[in-house]
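S.K.: The structure that follows is given in the form of structure tokens.
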Amino acid sequence: MSPAFDRVALIGIGLIGSSLAHAMRKKKLAAEITGYARSEATRAKALELGLVDKVFPSAREAVAGAGLVILCSPVGTYAELAREIGPALQPGAILTDVGSVKGAVVRDVAEHVPPGVHFIPGHPIAGTEQSGPESGFAELFINRWCILTPLPGADPEAVERLAAFWRACGSNVETMTPEHHDLVLAITSHLPHLIAYNIVSTAADLEEVTSSEVIKYSAGGFRDFTRIAASDPTMWRDVFLNNREAVLEMLGRFSEDLSALQRAIRWGDGETLFNIFSRSRQIRRGIIAAGQDTAAPDFGRGVPKTQ
């Protein structure tokens with residue numbers, strides 16, 4: 001079977017970029033993989049690990065001749081990168097990304113895409129708290145969703161070609177508008193991360209509890225919050241700054257629901273607490289039933305077995 005693309009350019013070689021490289025190698029989706037990383041150490045490590053065939057100190061060099069270009073760096077870097085690579089993108093190429101927000105990506109990238117290049121924003125909903133070129137693995141995308149947000153007038157054949165690429169990497173593919181994506185992800189991903197960062201920060205600031213006690217007596221709940229809060233701070237800073245409207249709306253709704261819980265505890269309203277907890281438990285069971293996590297004691301956080 002011939003590769004899906006003769007050349008794929010990865011702009012950024014962290015967790016997602018390196019995992020894509022592993023998946024492309026395993027599934028033979030690219031005849032050649034080129035890469036760009038700002039850090040010389042990252043470029044050297046990417047070559048050492050065999051993630052890329054060639055790596056460049058400039059994004060413009062990396063995209064030359066590529067049929068698929070994937071922006072895998074923090075979304076705050078996209079505007080500058082798009083401005084740099086725009087003139088070097090070849091006609092017929094597909095330009096996509098892996099950012100956790102989509103409205104801001106359209107805003108920052110679309111104006112720099114030359115005619116004849118297919119710009120199709122995307123977001124694989126997969127990840128771990130690890131980062132860097134050593135953190136990737138080919139199975140990261142298996143049975144995870146990848147959302148594509150093609151713009152009005154997008155070429156259906158190009159959209160399907162990109163969707164087929166993600167399916168070959170193991171993902172389930174869905175399409176929606178950038179605006180709807182940002183609202184959905186605000187509640188399913190962005191708000192949970194914000195809460196996790198805040199809870200860990202609150203624990204760290206408690207004068208009555210020492211940091212050693214917080215670490216020593218971390219039960220499952222706090223331990224899992226620290227896992228989420230260990231995610232790349234640069235990436236999440238950019239996510240919140242670039243999806244602020246949707247995050248603030250979800251944060252407002254969360255605050256109202258939290259106030260209801262606070263009243264129930266204050267007034268000893270056990271029935272309300274039980275009903276809320278029961279509904280939440282059912283949602284958790286639905287996530288497991290959908291194959292998006294497991295009921296294993298490690299909370300399904302282990303690296304999945306090769307399939």
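Residue numbering restarts at 1 for every chain of the structure tokens, chains are lettered A, B, ... in their displayed order, and ligands are numbered from 1 as they appear.
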From the DSSP assignment of the backbone, select every residue of stretch 138-168 of chain A that is strand (DSSP E), and format the answer as a list of chain:residue names.

M.R.: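 Output for stretch 138-168 of chain A, strand (DSSP E) only: A:Trp145, A:Cys146, A:Ile147, A:Leu148.
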
S.K.: Counting only C-alpha atoms, what is within 8 Å of A:Ala158, bar same-chain residues fewer than 3 positions away, as a PyMOL selection string?

M.R.: chain A and resi 94+118+154-155+161-162

S.K.: Go through A:Val109, A:Ala246, A:Val52, A:Ala23 and flag the residue nearest A:Val75, using only C-alpha atoms for the distances.

M.R.: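 Ranking A:Val109, A:Ala246, A:Val52, A:Ala23 by distance to A:Val75, first place goes to A:Val109.
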
S.K.: May I ask for the distance between atom CA of A:Ala126 and atom CA of A:Arg244, given in Å to one decimal place?

M.R.: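 Separation between atom CA of A:Ala126 and atom CA of A:Arg244: 21.4 Å.
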
S.K.: When DSSP works through the backbone of this structure, what residues of stretch 13-209 of chain A end up as alpha helix (DSSP H), shown as a PyMOL selection string?

M.R.: chain A and resi 15-27+40-48+59-63+78-85+103-109+156-168+178-185+191-205

S.K.: Write the residues of the preceding selection, restricted to C-alpha atoms, as a PDB file, in the first residue's frame.

M.R.:
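So part25.pdb came out as:
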ATOM      1  CA  LEU A  15       3.870  14.711  22.802  1.00  0.00           C
ATOM      2  CA  ILE A  16       1.406  14.998  19.905  1.00  0.00           C
ATOM      3  CA  GLY A  17       3.994  15.558  17.189  1.00  0.00           C
ATOM      4  CA  SER A  18       6.168  12.647  18.311  1.00  0.00           C
ATOM      5  CA  SER A  19       3.122  10.383  18.721  1.00  0.00           C
ATOM      6  CA  LEU A  20       2.046  11.242  15.192  1.00  0.00           C
ATOM      7  CA  ALA A  21       5.529  10.378  13.962  1.00  0.00           C
ATOM      8  CA  HIS A  22       5.342   6.977  15.675  1.00  0.00           C
ATOM      9  CA  ALA A  23       1.855   6.345  14.283  1.00  0.00           C
ATOM     10  CA  MET A  24       2.903   7.333  10.756  1.00  0.00           C
ATOM     11  CA  ARG A  25       5.925   5.061  10.921  1.00  0.00           C
ATOM     12  CA  LYS A  26       3.850   2.158  12.192  1.00  0.00           C
ATOM     13  CA  LYS A  27       1.058   2.576   9.640  1.00  0.00           C
ATOM     14  CA  GLU A  40      18.340  22.486  19.026  1.00  0.00           C
ATOM     15  CA  ALA A  41      18.145  19.797  21.711  1.00  0.00           C
ATOM     16  CA  THR A  42      14.658  18.815  20.572  1.00  0.00           C
ATOM     17  CA  ARG A  43      15.773  18.655  16.946  1.00  0.00           C
ATOM     18  CA  ALA A  44      18.683  16.400  17.888  1.00  0.00           C
ATOM     19  CA  LYS A  45      16.479  14.134  19.989  1.00  0.00           C
ATOM     20  CA  ALA A  46      13.889  13.847  17.189  1.00  0.00           C
ATOM     21  CA  LEU A  47      16.588  12.628  14.809  1.00  0.00           C
ATOM     22  CA  GLU A  48      18.078  10.303  17.409  1.00  0.00           C
ATOM     23  CA  ALA A  59       9.409  26.080   9.945  1.00  0.00           C
ATOM     24  CA  ARG A  60       9.506  27.432   6.404  1.00  0.00           C
ATOM     25  CA  GLU A  61      12.218  24.947   5.420  1.00  0.00           C
ATOM     26  CA  ALA A  62      10.354  22.076   7.063  1.00  0.00           C
ATOM     27  CA  VAL A  63       7.122  22.549   5.060  1.00  0.00           C
ATOM     28  CA  TYR A  78       0.353  29.714  15.341  1.00  0.00           C
ATOM     29  CA  ALA A  79       0.056  33.274  14.027  1.00  0.00           C
ATOM     30  CA  GLU A  80       3.803  33.725  13.708  1.00  0.00           C
ATOM     31  CA  LEU A  81       4.285  30.242  12.267  1.00  0.00           C
ATOM     32  CA  ALA A  82       1.484  30.676   9.712  1.00  0.00           C
ATOM     33  CA  ARG A  83       2.997  33.966   8.597  1.00  0.00           C
ATOM     34  CA  GLU A  84       6.354  32.246   8.129  1.00  0.00           C
ATOM     35  CA  ILE A  85       5.237  29.093   6.331  1.00  0.00           C
ATOM     36  CA  GLY A 103     -11.839  29.769  16.807  1.00  0.00           C
ATOM     37  CA  ALA A 104      -8.531  31.436  17.644  1.00  0.00           C
ATOM     38  CA  VAL A 105      -6.693  29.125  15.234  1.00  0.00           C
ATOM     39  CA  VAL A 106      -8.973  30.186  12.380  1.00  0.00           C
ATOM     40  CA  ARG A 107      -8.439  33.809  13.362  1.00  0.00           C
ATOM     41  CA  ASP A 108      -4.631  33.530  13.494  1.00  0.00           C
ATOM     42  CA  VAL A 109      -3.928  31.175  10.594  1.00  0.00           C
ATOM     43  CA  PRO A 156     -14.732  17.709   0.638  1.00  0.00           C
ATOM     44  CA  GLU A 157     -12.033  15.493  -0.861  1.00  0.00           C
ATOM     45  CA  ALA A 158      -9.319  17.192   1.173  1.00  0.00           C
ATOM     46  CA  VAL A 159     -11.423  16.917   4.345  1.00  0.00           C
ATOM     47  CA  GLU A 160     -11.970  13.210   3.730  1.00  0.00           C
ATOM     48  CA  ARG A 161      -8.281  12.664   3.004  1.00  0.00           C
ATOM     49  CA  LEU A 162      -7.377  14.244   6.344  1.00  0.00           C
ATOM     50  CA  ALA A 163     -10.120  12.286   8.106  1.00  0.00           C
ATOM     51  CA  ALA A 164      -8.764   9.068   6.582  1.00  0.00           C
ATOM     52  CA  PHE A 165      -5.296   9.972   7.879  1.00  0.00           C
ATOM     53  CA  TRP A 166      -6.607  10.341  11.429  1.00  0.00           C
ATOM     54  CA  ARG A 167      -8.619   7.137  11.179  1.00  0.00           C
ATOM     55  CA  ALA A 168      -5.444   5.346  10.077  1.00  0.00           C
ATOM     56  CA  PRO A 178     -14.992  25.901  15.332  1.00  0.00           C
ATOM     57  CA  GLU A 179     -17.429  27.727  17.622  1.00  0.00           C
ATOM     58  CA  HIS A 180     -19.189  24.552  18.718  1.00  0.00           C
ATOM     59  CA  HIS A 181     -15.876  22.789  19.263  1.00  0.00           C
ATOM     60  CA  ASP A 182     -14.696  25.529  21.596  1.00  0.00           C
ATOM     61  CA  LEU A 183     -17.885  25.365  23.671  1.00  0.00           C
ATOM     62  CA  VAL A 184     -17.740  21.566  23.969  1.00  0.00           C
ATOM     63  CA  LEU A 185     -14.060  21.527  24.918  1.00  0.00           C
ATOM     64  CA  LEU A 191     -12.632  23.845  32.795  1.00  0.00           C
ATOM     65  CA  PRO A 192     -11.417  20.570  34.418  1.00  0.00           C
ATOM     66  CA  HIS A 193      -7.827  21.680  33.876  1.00  0.00           C
ATOM     67  CA  LEU A 194      -8.566  25.105  35.345  1.00  0.00           C
ATOM     68  CA  ILE A 195     -10.154  23.502  38.415  1.00  0.00           C
ATOM     69  CA  ALA A 196      -7.221  21.110  38.803  1.00  0.00           C
ATOM     70  CA  TYR A 197      -4.674  23.920  38.656  1.00  0.00           C
ATOM     71  CA  ASN A 198      -6.683  25.874  41.226  1.00  0.00           C
ATOM     72  CA  ILE A 199      -7.141  22.983  43.678  1.00  0.00           C
ATOM     73  CA  VAL A 200      -3.449  22.137  43.636  1.00  0.00           C
ATOM     74  CA  SER A 201      -2.601  25.812  44.100  1.00  0.00           C
ATOM     75  CA  THR A 202      -5.047  26.086  47.017  1.00  0.00           C
ATOM     76  CA  ALA A 203      -3.517  23.040  48.706  1.00  0.00           C
ATOM     77  CA  ALA A 204      -0.046  24.484  48.257  1.00  0.00           C
ATOM     78  CA  ASP A 205      -1.124  27.762  49.912  1.00  0.00           C
TER      79      ASP A 205
END

S.K.: Just the number, please: distance in Å from atom CA of A:Pro115 to atom CA of A:Pro91, one decimal.

M.R.: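 Taking atom CA of A:Pro115 as the start and atom CA of A:Pro91 as the end point, the length is 7.5 Å.
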
S.K.: Go through A:Leu71, A:Ala264, A:Ala31, A:Leu10 and flag the residue nearest A:Phe56, using only C-alpha atoms for the distances.

M.R.: A:Leu10

S.K.: Hey, what's within 7 Å of A:Pro3 if we count only C-alpha atoms and toss same-chain stuff fewer than 5 positions away? As JSON, numbers by chain, please?

M.R.: {"A": [28, 29, 30, 31]}

S.K.: Please produce a file of those selected residues containing all heavy atoms, as a tab-separated table (two decimals), in the first residue's frame.

M.R.:
chain	number	residue	atom	x	y	z
A	28	LYS	N	2.79	3.34	8.10
A	28	LYS	CA	3.35	3.69	6.79
A	28	LYS	C	2.50	4.75	6.08
A	28	LYS	O	2.13	4.60	4.91
A	28	LYS	CB	3.50	2.44	5.92
A	28	LYS	CG	4.48	1.41	6.49
A	28	LYS	CD	4.60	0.19	5.61
A	28	LYS	CE	5.71	-0.74	6.07
A	28	LYS	NZ	5.58	-1.17	7.47
A	29	LEU	N	2.22	5.83	6.80
A	29	LEU	CA	1.36	6.88	6.27
A	29	LEU	C	2.13	7.98	5.57
A	29	LEU	O	1.53	8.84	4.92
A	29	LEU	CB	0.53	7.50	7.41
A	29	LEU	CG	-0.39	6.52	8.16
A	29	LEU	CD1	-1.10	7.23	9.30
A	29	LEU	CD2	-1.40	5.92	7.19
A	30	ALA	N	3.45	7.98	5.69
A	30	ALA	CA	4.26	9.02	5.05
A	30	ALA	C	5.55	8.41	4.52
A	30	ALA	O	6.23	7.65	5.23
A	30	ALA	CB	4.59	10.13	6.05
A	31	ALA	N	5.88	8.75	3.29
A	31	ALA	CA	7.16	8.29	2.73
A	31	ALA	C	8.32	9.00	3.41
A	31	ALA	O	9.40	8.44	3.57
A	31	ALA	CB	7.19	8.53	1.22

S.K.: Quick one, how far is atom CA of A:Thr77 from atom CA of A:Ala4?

M.R.: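 Taking atom CA of A:Thr77 as the start and atom CA of A:Ala4 as the end point, the length is 27.3 Å.
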
S.K.: Out of A:Ala66, A:Ala186, A:Leu51, A:Leu95, which residue has the shortest atom-to-atom distance to A:Phe137 when counting only C-alpha atoms?

M.R.: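 Closest to A:Phe137, using only C-alpha atoms: A:Leu51.
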